[in-house]
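Chemist: What follows is a single structure, and I will ask about it in a moment.
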Amino acid sequence: MNTNTVTEAPLKKKKRKSKGLFRIWLEFIPFWFLYMFIRMLPLKAAYGLNRFLFKLMFRIDKKHSVRSIKHIMHAGITKDEKEATRIAMQSYDSFSKLLVEIIKLNQLYSPDKVKFTGNPDTIREVFGPNEKNINAIIITAHYGNWELAGSAWAEKTGIPMVSIMRPFGNPLIGKCILRNRESGIHQSVPKDGGIKGLMKALRAGQTIAILADQHAGSKEGVETLFFGQPCRTHSSPALLHLKTGVAIVPQITRRVDDNFNFEFVVGEIIRYTPTDNKELDIKTVTQMYTTALEKLIAEQPEQWLWAHRRWLNIHRNR
């Protein structure tokens, strides 16, 4: 792990401005045509189209491509800038495939497209061939095809799932995406105030899923280490675990080929016995699932979305 530090600069959240109706439609119309065109294309042709577009984006949008390269080196994945550039380009390629897969999800998905790998004890408890599979707090990341996991996980375990949804900047585009994301066994709750919906789901014996690999504000997270560097991680999964006792399962959905085949990679189940120090308990559990996600991502870092702002000790211009 790379433990070198860079001049620290605070990460500030920018408030999203609501878009006017004209801008919403201006964005939606080209998206809709691309959406319908991709649905008509064979999978590999659609991959090829999006790969071309994202290669252009990698070269044109220097802000995010350079940030991805710097993040890869900052995390200690490699010290060589050429290798970091290769990994960053593969990360862009992975994201380009994700967008195609979201659009074509209901055309291509079937249960045999997803296999299980990772910790064998976790697989046995969560995906066992019986009616005693546990509900869980799934801690996952912007890795591979994270959108596939919701309905597929619920289908594989036989336990309904609820996940947190960040509001879309464009509500019309959001409706298109949600049409493929949700199902009768997988529902989403808005991020704002979503903790109540997640608590209700856990108490009803359902599974919940939370993306916990992005920067959290000071009110939402606690400081942890991720790839040896300081960051702030969302602590709501830790709070939910400490209040309910429901097990935490670290998980990523890894793409294994270009034929819409994936694997659920699971880490060791996290169970923690609370002490009299609530603040320490929250920090400890948050670090446990942060470390678990780091371990899963490090196996094949090319499929993680490295463009995210994640660490506290990187210049803002990165």
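Note on naming: chains are A, B, ... as they come in the structure tokens, residues start from 1 per chain, ligands start from 1 in the order shown.
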List as a PDB file with C-alpha atoms, in the first residue's frame the protein and nucleic acid residues near region 76-91 of chain A, meaning an atom at most 10 Å away when only C-alpha atoms are counted, but skip any in the same chain fewer than 5 places from it.
Modeler:
ATOM      1  CA  MET A   1       0.000   0.000   0.000  1.00  0.00           C
ATOM      2  CA  ASN A   2       1.123   3.522  -0.741  1.00  0.00           C
ATOM      3  CA  THR A   3       1.336   5.588   2.440  1.00  0.00           C
ATOM      4  CA  ASN A   4       2.761   8.760   0.901  1.00  0.00           C
ATOM      5  CA  ARG A  51     -16.235   1.653 -25.988  1.00  0.00           C
ATOM      6  CA  PHE A  54     -15.703   6.358 -23.817  1.00  0.00           C
ATOM      7  CA  LYS A  55     -12.252   6.232 -25.415  1.00  0.00           C
ATOM      8  CA  PHE A  58     -11.040   9.536 -21.758  1.00  0.00           C
ATOM      9  CA  ARG A  59      -8.995  11.749 -24.067  1.00  0.00           C
ATOM     10  CA  HIS A  64     -11.643  12.842 -14.773  1.00  0.00           C
ATOM     11  CA  SER A  65      -9.159  10.705 -16.715  1.00  0.00           C
ATOM     12  CA  VAL A  66      -6.167  12.355 -15.026  1.00  0.00           C
ATOM     13  CA  ARG A  67      -7.920  12.063 -11.663  1.00  0.00           C
ATOM     14  CA  SER A  68      -8.407   8.320 -12.256  1.00  0.00           C
ATOM     15  CA  ILE A  69      -4.710   7.847 -13.046  1.00  0.00           C
ATOM     16  CA  LYS A  70      -3.634   9.821  -9.966  1.00  0.00           C
ATOM     17  CA  HIS A  71      -6.032   7.867  -7.751  1.00  0.00           C
ATOM     18  CA  SER A  96     -19.034   1.884 -20.829  1.00  0.00           C
ATOM     19  CA  LYS A  97     -20.126  -1.761 -20.695  1.00  0.00           C
ATOM     20  CA  TYR A 143     -17.539  -2.061  -9.459  1.00  0.00           C
ATOM     21  CA  GLY A 144     -18.320  -4.201 -12.513  1.00  0.00           C
ATOM     22  CA  PHE A 227      -5.832   1.419   0.304  1.00  0.00           C
ATOM     23  CA  GLY A 228      -3.737   2.861   3.117  1.00  0.00           C
ATOM     24  CA  GLN A 229      -4.962   6.417   2.618  1.00  0.00           C
ATOM     25  CA  ALA A 298      -7.768  -5.053  -5.322  1.00  0.00           C
ATOM     26  CA  GLN A 300      -9.109  -6.899 -10.259  1.00  0.00           C
ATOM     27  CA  PRO A 301      -8.937  -3.097  -9.838  1.00  0.00           C
ATOM     28  CA  GLU A 302      -9.720  -2.448 -13.516  1.00  0.00           C
ATOM     29  CA  GLN A 303     -13.463  -2.762 -12.898  1.00  0.00           C
ATOM     30  CA  TRP A 304     -13.683  -0.158 -10.121  1.00  0.00           C
ATOM     31  CA  LEU A 305     -14.753   3.411 -10.957  1.00  0.00           C
ATOM     32  CA  TRP A 306     -11.527   5.253 -10.112  1.00  0.00           C
ATOM     33  CA  ALA A 307     -12.818   8.702 -11.129  1.00  0.00           C
TER      34      ALA A 307
END
Chemist: Just want the 10 Å neighbourhood of Leu198 (chain A), counted on only C-alpha atoms, with same-chain residues fewer than 2 positions away dropped. Output as a list in words.
Modeler: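 Using only C-alpha atoms, the neighbours found are Ile137, Met161, Val162, Ser163, Ile164, Ser188, Val189, Gly193, Gly194, Ile195, Lys196, Lys200, Ala201, Leu202, Arg203, Ala204, Gln206, Thr207, Ile208, Ala209, Ile210, Ser236, Pro237 and Leu240 of chain A.
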Chemist: Export C-alpha atoms of the chosen residues as a PDB file, in the first residue's frame?
Modeler:
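This went into part07.pdb:
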ATOM      1  CA  ILE A 137     -26.766  -5.742   4.880  1.00  0.00           C
ATOM      2  CA  MET A 161     -34.128  -6.558  -1.361  1.00  0.00           C
ATOM      3  CA  VAL A 162     -34.303  -2.812  -0.755  1.00  0.00           C
ATOM      4  CA  SER A 163     -31.520  -0.503  -1.923  1.00  0.00           C
ATOM      5  CA  ILE A 164     -30.663   3.172  -1.581  1.00  0.00           C
ATOM      6  CA  SER A 188     -35.377   1.364  -4.077  1.00  0.00           C
ATOM      7  CA  VAL A 189     -35.766   4.081  -1.453  1.00  0.00           C
ATOM      8  CA  GLY A 193     -34.437   9.854   4.703  1.00  0.00           C
ATOM      9  CA  GLY A 194     -33.721   6.381   3.352  1.00  0.00           C
ATOM     10  CA  ILE A 195     -32.362   5.073   6.643  1.00  0.00           C
ATOM     11  CA  LYS A 196     -35.928   4.654   7.943  1.00  0.00           C
ATOM     12  CA  LYS A 200     -38.054  -1.111   8.213  1.00  0.00           C
ATOM     13  CA  ALA A 201     -36.856  -3.572   5.555  1.00  0.00           C
ATOM     14  CA  LEU A 202     -34.347  -5.216   7.906  1.00  0.00           C
ATOM     15  CA  ARG A 203     -36.947  -5.624  10.643  1.00  0.00           C
ATOM     16  CA  ALA A 204     -39.228  -7.266   8.080  1.00  0.00           C
ATOM     17  CA  GLN A 206     -35.497  -8.314   4.000  1.00  0.00           C
ATOM     18  CA  THR A 207     -32.011  -7.709   2.644  1.00  0.00           C
ATOM     19  CA  ILE A 208     -30.697  -4.208   1.980  1.00  0.00           C
ATOM     20  CA  ALA A 209     -27.863  -3.010  -0.274  1.00  0.00           C
ATOM     21  CA  ILE A 210     -25.709   0.100   0.185  1.00  0.00           C
ATOM     22  CA  SER A 236     -25.043   4.173   8.123  1.00  0.00           C
ATOM     23  CA  PRO A 237     -24.369   0.456   7.433  1.00  0.00           C
ATOM     24  CA  LEU A 240     -27.904  -0.409  11.019  1.00  0.00           C
TER      25      LEU A 240
END
Chemist: Can you tell me, as a list in words, what residues are no more than 9 Å from region 31-45 of chain A when counting only C-alpha atoms, ignoring any on the same chain fewer than 6 positions away?
Modeler: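 Here the qualifying residues turn out to be Val100, Glu101, Ile103, Lys104, Gln107, Leu108, Ile173, Cys176, Asp258, Asn259 and Phe260 of chain A.
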Chemist: Export N, CA and C atoms of the chosen residues as a tab-separated table (two decimals), in the first residue's frame?
Modeler:
chain	number	residue	atom	x	y	z
A	100	VAL	N	-24.36	-0.08	-21.20
A	100	VAL	CA	-25.02	-0.97	-22.17
A	100	VAL	C	-25.83	-2.03	-21.44
A	101	GLU	N	-25.24	-2.61	-20.41
A	101	GLU	CA	-25.90	-3.70	-19.68
A	101	GLU	C	-27.15	-3.23	-18.95
A	103	ILE	N	-29.14	-0.83	-19.99
A	103	ILE	CA	-30.15	-0.63	-21.02
A	103	ILE	C	-30.71	-1.95	-21.53
A	104	LYS	N	-29.86	-2.98	-21.61
A	104	LYS	CA	-30.27	-4.25	-22.18
A	104	LYS	C	-30.55	-5.32	-21.11
A	107	GLN	N	-33.36	-7.73	-21.53
A	107	GLN	CA	-33.22	-8.53	-22.75
A	107	GLN	C	-32.27	-9.71	-22.55
A	108	LEU	N	-31.32	-9.56	-21.62
A	108	LEU	CA	-30.21	-10.51	-21.56
A	108	LEU	C	-30.11	-11.31	-20.25
A	173	ILE	N	-34.53	10.60	-17.54
A	173	ILE	CA	-33.49	9.57	-17.69
A	173	ILE	C	-33.58	8.58	-16.53
A	176	CYS	N	-36.10	5.83	-17.05
A	176	CYS	CA	-35.63	4.78	-17.98
A	176	CYS	C	-34.72	3.80	-17.25
A	258	ASP	N	-17.50	-10.91	-22.12
A	258	ASP	CA	-18.34	-9.98	-22.89
A	258	ASP	C	-19.62	-10.65	-23.38
A	259	ASN	N	-20.05	-11.69	-22.67
A	259	ASN	CA	-21.28	-12.39	-23.02
A	259	ASN	C	-22.34	-12.28	-21.92
A	260	PHE	N	-22.25	-11.21	-21.14
A	260	PHE	CA	-23.21	-10.93	-20.08
A	260	PHE	C	-23.17	-12.01	-18.99
Chemist: Fewer than 2 positions away in the same chain doesn't count, so skip those; otherwise give me all residues within 9 Å of Ala238 (chain A), counting only C-alpha atoms, as a list of chain:residue names.
Modeler: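 Surrounding residues, per the criterion: A:His234, A:Ser235, A:Ser236, A:Leu240, A:His241, A:Leu242, A:Lys243, A:Ile248, A:Asp281, A:Ile282, A:Lys283, A:Thr284, A:Val285, A:Thr286, A:Tyr289.
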Chemist: For the residues in the current selection, export N, CA and C atoms as a compact mmCIF listing (two decimals), in the first residue's frame.
Modeler:
# COMPACT_ATOMS: atom_id res chain seq x y z
N HIS A 234 -19.22 6.29 4.58
CA HIS A 234 -20.58 6.31 5.12
C HIS A 234 -20.70 5.30 6.28
N SER A 235 -21.23 5.78 7.39
CA SER A 235 -21.32 4.95 8.59
C SER A 235 -22.72 4.36 8.80
N SER A 236 -23.68 4.69 7.93
CA SER A 236 -25.04 4.17 8.12
C SER A 236 -25.11 2.65 8.14
N LEU A 240 -26.84 0.57 11.24
CA LEU A 240 -27.90 -0.41 11.02
C LEU A 240 -27.52 -1.77 11.58
N HIS A 241 -26.28 -2.16 11.40
CA HIS A 241 -25.81 -3.44 11.92
C HIS A 241 -25.84 -3.46 13.45
N LEU A 242 -25.36 -2.38 14.07
CA LEU A 242 -25.31 -2.32 15.53
C LEU A 242 -26.70 -2.28 16.15
N LYS A 243 -27.67 -1.70 15.44
CA LYS A 243 -29.03 -1.61 15.97
C LYS A 243 -29.83 -2.90 15.77
N ILE A 248 -23.42 -8.17 8.04
CA ILE A 248 -22.94 -7.40 6.90
C ILE A 248 -22.19 -8.34 5.96
N ASP A 281 -17.44 1.76 18.30
CA ASP A 281 -18.09 0.65 17.59
C ASP A 281 -18.39 1.02 16.14
N ILE A 282 -18.96 2.21 15.94
CA ILE A 282 -19.29 2.66 14.58
C ILE A 282 -18.04 2.75 13.73
N LYS A 283 -16.99 3.34 14.27
CA LYS A 283 -15.73 3.49 13.53
C LYS A 283 -15.12 2.13 13.21
N THR A 284 -15.18 1.21 14.17
CA THR A 284 -14.59 -0.12 13.98
C THR A 284 -15.31 -0.89 12.88
N VAL A 285 -16.65 -0.91 12.94
CA VAL A 285 -17.42 -1.65 11.94
C VAL A 285 -17.26 -1.01 10.56
N THR A 286 -17.25 0.32 10.50
CA THR A 286 -17.08 1.00 9.22
C THR A 286 -15.74 0.65 8.60
N TYR A 289 -15.82 -3.02 7.02
CA TYR A 289 -16.35 -3.23 5.67
C TYR A 289 -15.60 -2.41 4.62
Chemist: Measuring between only C-alpha atoms, which one of A:Ile185, A:Ile270, A:Ala292, A:Leu53 shows the shortest distance to Ala149 (chain A)?
Modeler: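 Using only C-alpha atoms, Ala149 (chain A) sits closest to A:Ile185.
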Chemist: Which residues in region 43-185 of chain A does DSSP call helix (DSSP H, G or I)? List them as a ChimeraX atom specification.
Modeler: /A:43-60,62-74,81-103,105-108,111-113,120-127,149-157,171-181
Chemist: Generate a file of the selected residues that holds C-alpha atoms, formatted as a PDB file, in the first residue's frame.
Modeler:
ATOM      1  CA  LEU A  43     -24.608  -6.919 -27.187  1.00  0.00           C
ATOM      2  CA  LYS A  44     -21.076  -6.909 -28.618  1.00  0.00           C
ATOM      3  CA  ALA A  45     -21.949  -4.250 -31.187  1.00  0.00           C
ATOM      4  CA  ALA A  46     -23.385  -2.094 -28.399  1.00  0.00           C
ATOM      5  CA  TYR A  47     -20.238  -2.662 -26.345  1.00  0.00           C
ATOM      6  CA  GLY A  48     -18.151  -1.575 -29.335  1.00  0.00           C
ATOM      7  CA  LEU A  49     -20.141   1.631 -29.822  1.00  0.00           C
ATOM      8  CA  ASN A  50     -19.905   2.643 -26.167  1.00  0.00           C
ATOM      9  CA  ARG A  51     -16.235   1.653 -25.988  1.00  0.00           C
ATOM     10  CA  PHE A  52     -15.507   4.061 -28.836  1.00  0.00           C
ATOM     11  CA  LEU A  53     -17.454   6.878 -27.146  1.00  0.00           C
ATOM     12  CA  PHE A  54     -15.703   6.358 -23.817  1.00  0.00           C
ATOM     13  CA  LYS A  55     -12.252   6.232 -25.415  1.00  0.00           C
ATOM     14  CA  LEU A  56     -13.021   9.667 -26.814  1.00  0.00           C
ATOM     15  CA  MET A  57     -14.243  10.783 -23.398  1.00  0.00           C
ATOM     16  CA  PHE A  58     -11.040   9.536 -21.758  1.00  0.00           C
ATOM     17  CA  ARG A  59      -8.995  11.749 -24.067  1.00  0.00           C
ATOM     18  CA  ILE A  60     -11.280  14.783 -24.061  1.00  0.00           C
ATOM     19  CA  LYS A  62      -8.874  15.284 -18.918  1.00  0.00           C
ATOM     20  CA  LYS A  63     -10.231  16.301 -15.523  1.00  0.00           C
ATOM     21  CA  HIS A  64     -11.643  12.842 -14.773  1.00  0.00           C
ATOM     22  CA  SER A  65      -9.159  10.705 -16.715  1.00  0.00           C
ATOM     23  CA  VAL A  66      -6.167  12.355 -15.026  1.00  0.00           C
ATOM     24  CA  ARG A  67      -7.920  12.063 -11.663  1.00  0.00           C
ATOM     25  CA  SER A  68      -8.407   8.320 -12.256  1.00  0.00           C
ATOM     26  CA  ILE A  69      -4.710   7.847 -13.046  1.00  0.00           C
ATOM     27  CA  LYS A  70      -3.634   9.821  -9.966  1.00  0.00           C
ATOM     28  CA  HIS A  71      -6.032   7.867  -7.751  1.00  0.00           C
ATOM     29  CA  ILE A  72      -4.664   4.531  -8.963  1.00  0.00           C
ATOM     30  CA  MET A  73      -1.129   5.620  -8.140  1.00  0.00           C
ATOM     31  CA  HIS A  74      -2.195   7.198  -4.834  1.00  0.00           C
ATOM     32  CA  GLU A  81       2.136   6.020 -14.722  1.00  0.00           C
ATOM     33  CA  LYS A  82       1.817   4.020 -17.955  1.00  0.00           C
ATOM     34  CA  GLU A  83       0.377   1.068 -16.061  1.00  0.00           C
ATOM     35  CA  ALA A  84      -1.924   3.397 -14.132  1.00  0.00           C
ATOM     36  CA  THR A  85      -3.118   4.856 -17.448  1.00  0.00           C
ATOM     37  CA  ARG A  86      -3.865   1.351 -18.739  1.00  0.00           C
ATOM     38  CA  ILE A  87      -5.894   0.509 -15.639  1.00  0.00           C
ATOM     39  CA  ALA A  88      -7.749   3.833 -15.845  1.00  0.00           C
ATOM     40  CA  MET A  89      -8.666   3.177 -19.494  1.00  0.00           C
ATOM     41  CA  GLN A  90      -9.933  -0.279 -18.555  1.00  0.00           C
ATOM     42  CA  SER A  91     -12.003   1.308 -15.779  1.00  0.00           C
ATOM     43  CA  TYR A  92     -13.591   3.596 -18.375  1.00  0.00           C
ATOM     44  CA  ASP A  93     -14.179   0.576 -20.609  1.00  0.00           C
ATOM     45  CA  SER A  94     -15.865  -1.275 -17.750  1.00  0.00           C
ATOM     46  CA  PHE A  95     -18.178   1.682 -17.120  1.00  0.00           C
ATOM     47  CA  SER A  96     -19.034   1.884 -20.829  1.00  0.00           C
ATOM     48  CA  LYS A  97     -20.126  -1.761 -20.695  1.00  0.00           C
ATOM     49  CA  LEU A  98     -22.184  -1.123 -17.561  1.00  0.00           C
ATOM     50  CA  LEU A  99     -24.303   1.479 -19.352  1.00  0.00           C
ATOM     51  CA  VAL A 100     -25.023  -0.969 -22.173  1.00  0.00           C
ATOM     52  CA  GLU A 101     -25.897  -3.701 -19.681  1.00  0.00           C
ATOM     53  CA  ILE A 102     -28.323  -1.450 -17.807  1.00  0.00           C
ATOM     54  CA  ILE A 103     -30.150  -0.627 -21.025  1.00  0.00           C
ATOM     55  CA  LEU A 105     -30.753  -5.860 -18.766  1.00  0.00           C
ATOM     56  CA  ASN A 106     -34.266  -7.227 -19.323  1.00  0.00           C
ATOM     57  CA  GLN A 107     -33.220  -8.530 -22.746  1.00  0.00           C
ATOM     58  CA  LEU A 108     -30.209 -10.509 -21.556  1.00  0.00           C
ATOM     59  CA  PRO A 111     -30.346 -16.680 -13.433  1.00  0.00           C
ATOM     60  CA  ASP A 112     -27.613 -18.815 -15.013  1.00  0.00           C
ATOM     61  CA  LYS A 113     -25.718 -15.628 -15.949  1.00  0.00           C
ATOM     62  CA  PRO A 120     -17.257 -20.323   0.942  1.00  0.00           C
ATOM     63  CA  ASP A 121     -18.838 -19.877   4.386  1.00  0.00           C
ATOM     64  CA  THR A 122     -20.591 -16.700   3.212  1.00  0.00           C
ATOM     65  CA  ILE A 123     -21.841 -18.444   0.075  1.00  0.00           C
ATOM     66  CA  ARG A 124     -23.230 -21.287   2.179  1.00  0.00           C
ATOM     67  CA  GLU A 125     -25.060 -18.957   4.592  1.00  0.00           C
ATOM     68  CA  VAL A 126     -26.408 -16.538   1.995  1.00  0.00           C
ATOM     69  CA  PHE A 127     -27.014 -18.695  -1.070  1.00  0.00           C
ATOM     70  CA  ALA A 149     -26.926  -7.207  -8.101  1.00  0.00           C
ATOM     71  CA  GLY A 150     -30.272  -6.064  -6.660  1.00  0.00           C
ATOM     72  CA  SER A 151     -32.843  -8.225  -8.408  1.00  0.00           C
ATOM     73  CA  ALA A 152     -30.375 -11.045  -9.057  1.00  0.00           C
ATOM     74  CA  TRP A 153     -29.356 -11.276  -5.392  1.00  0.00           C
ATOM     75  CA  ALA A 154     -32.985 -11.293  -4.254  1.00  0.00           C
ATOM     76  CA  GLU A 155     -33.837 -13.968  -6.802  1.00  0.00           C
ATOM     77  CA  LYS A 156     -30.884 -16.163  -5.819  1.00  0.00           C
ATOM     78  CA  THR A 157     -31.586 -15.988  -2.071  1.00  0.00           C
ATOM     79  CA  PRO A 171     -35.899  12.607 -13.821  1.00  0.00           C
ATOM     80  CA  LEU A 172     -36.810  11.377 -17.319  1.00  0.00           C
ATOM     81  CA  ILE A 173     -33.490   9.567 -17.694  1.00  0.00           C
ATOM     82  CA  GLY A 174     -33.991   8.249 -14.164  1.00  0.00           C
ATOM     83  CA  LYS A 175     -37.302   6.647 -15.102  1.00  0.00           C
ATOM     84  CA  CYS A 176     -35.629   4.784 -17.975  1.00  0.00           C
ATOM     85  CA  ILE A 177     -32.883   3.464 -15.701  1.00  0.00           C
ATOM     86  CA  LEU A 178     -35.238   2.490 -12.871  1.00  0.00           C
ATOM     87  CA  ARG A 179     -37.468   0.629 -15.308  1.00  0.00           C
ATOM     88  CA  ASN A 180     -34.671  -1.916 -15.694  1.00  0.00           C
ATOM     89  CA  ARG A 181     -33.290  -1.733 -12.145  1.00  0.00           C
TER      90      ARG A 181
END
Chemist: List every residue of region 53-188 of chain A that DSSP, applied to the backbone of this structure, places in strand (DSSP E or B), and write the result as a CSV table (one decimal) with N, CA and C atoms, in the first residue's frame.
Modeler:
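Writing done, so here's part.csv:
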chain,number,residue,atom,x,y,z
A,114,VAL,N,-25.3,-15.6,-13.5
A,114,VAL,CA,-24.6,-15.1,-12.3
A,114,VAL,C,-24.1,-16.3,-11.5
A,115,LYS,N,-22.9,-16.4,-11.2
A,115,LYS,CA,-22.3,-17.5,-10.4
A,115,LYS,C,-21.8,-16.9,-9.1
A,116,PHE,N,-21.4,-17.7,-8.1
A,116,PHE,CA,-21.0,-17.3,-6.8
A,116,PHE,C,-19.5,-17.6,-6.7
A,117,THR,N,-18.8,-16.7,-6.0
A,117,THR,CA,-17.4,-17.0,-5.7
A,117,THR,C,-17.0,-16.2,-4.5
A,118,GLY,N,-15.8,-16.4,-4.0
A,118,GLY,CA,-15.4,-15.7,-2.8
A,118,GLY,C,-15.4,-16.6,-1.5
A,137,ILE,N,-27.1,-7.1,5.3
A,137,ILE,CA,-26.8,-5.7,4.9
A,137,ILE,C,-25.6,-5.9,3.9
A,138,ILE,N,-26.0,-5.7,2.6
A,138,ILE,CA,-25.0,-5.9,1.5
A,138,ILE,C,-24.2,-4.6,1.4
A,139,ILE,N,-22.9,-4.6,1.5
A,139,ILE,CA,-22.0,-3.5,1.3
A,139,ILE,C,-21.3,-3.7,0.0
A,140,THR,N,-21.6,-2.9,-1.0
A,140,THR,CA,-21.0,-3.1,-2.3
A,140,THR,C,-20.4,-1.8,-2.8
A,143,TYR,N,-18.5,-1.1,-8.9
A,143,TYR,CA,-17.5,-2.1,-9.5
A,143,TYR,C,-18.3,-3.0,-10.4
A,144,GLY,N,-17.7,-3.3,-11.6
A,144,GLY,CA,-18.3,-4.2,-12.5
A,144,GLY,C,-19.7,-3.7,-12.9
A,161,MET,N,-35.2,-7.5,-1.6
A,161,MET,CA,-34.1,-6.6,-1.4
A,161,MET,C,-34.6,-5.1,-1.5
A,162,VAL,N,-34.1,-4.3,-0.7
A,162,VAL,CA,-34.3,-2.8,-0.8
A,162,VAL,C,-32.9,-2.1,-0.8
A,163,SER,N,-32.8,-1.2,-1.8
A,163,SER,CA,-31.5,-0.5,-1.9
A,163,SER,C,-31.7,1.0,-1.9
A,164,ILE,N,-30.6,1.7,-1.6
A,164,ILE,CA,-30.7,3.2,-1.6
A,164,ILE,C,-30.5,3.7,-3.0
A,165,MET,N,-31.3,4.7,-3.4
A,165,MET,CA,-31.2,5.3,-4.7
A,165,MET,C,-30.9,6.8,-4.6
A,183,SER,N,-37.7,-4.4,-9.6
A,183,SER,CA,-38.6,-5.6,-10.0
A,183,SER,C,-39.5,-5.8,-8.8
A,186,HIS,N,-37.2,-6.4,-5.8
A,186,HIS,CA,-36.2,-5.4,-5.5
A,186,HIS,C,-36.7,-4.0,-5.7
A,187,GLN,N,-36.8,-3.3,-4.6
A,187,GLN,CA,-37.3,-1.9,-4.6
A,187,GLN,C,-36.2,-0.9,-4.1
A,188,SER,N,-36.3,0.3,-4.5
A,188,SER,CA,-35.4,1.4,-4.1
A,188,SER,C,-36.1,2.4,-3.2
Chemist: Skip Thr291 (chain A) itself and residues of its chain fewer than 6 positions away, then list as a list in words all residues within 9 Å of it, counting only C-alpha atoms.
Modeler: Thr224, Leu225, Phe226 and Phe227 of chain A
Chemist: I need the residues from that last selection saved to file as a PDB file, in the first residue's frame (with C-alpha atoms), if you can.
Modeler:
ATOM      1  CA  THR A 224     -11.230   5.332   7.750  1.00  0.00           C
ATOM      2  CA  LEU A 225      -8.308   4.026   5.714  1.00  0.00           C
ATOM      3  CA  PHE A 226      -8.861   2.805   2.164  1.00  0.00           C
ATOM      4  CA  PHE A 227      -5.832   1.419   0.304  1.00  0.00           C
TER       5      PHE A 227
END
Chemist: Rounded to one decimal in Å, what is the spacing between CA of Cys231 (chain A) and CA of His215 (chain A)?
Modeler: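 If I compute the distance from CA of Cys231 (chain A) to CA of His215 (chain A), I get 6.9 Å.
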Chemist: Pick out the residues sitting within 8 Å of Gln214 (chain A), and hand them over as a PyMOL selection string; count only C-alpha atoms, and ignore anything fewer than 4 positions along from it in its own chain.
Modeler: chain A and resi 233-234+308-310
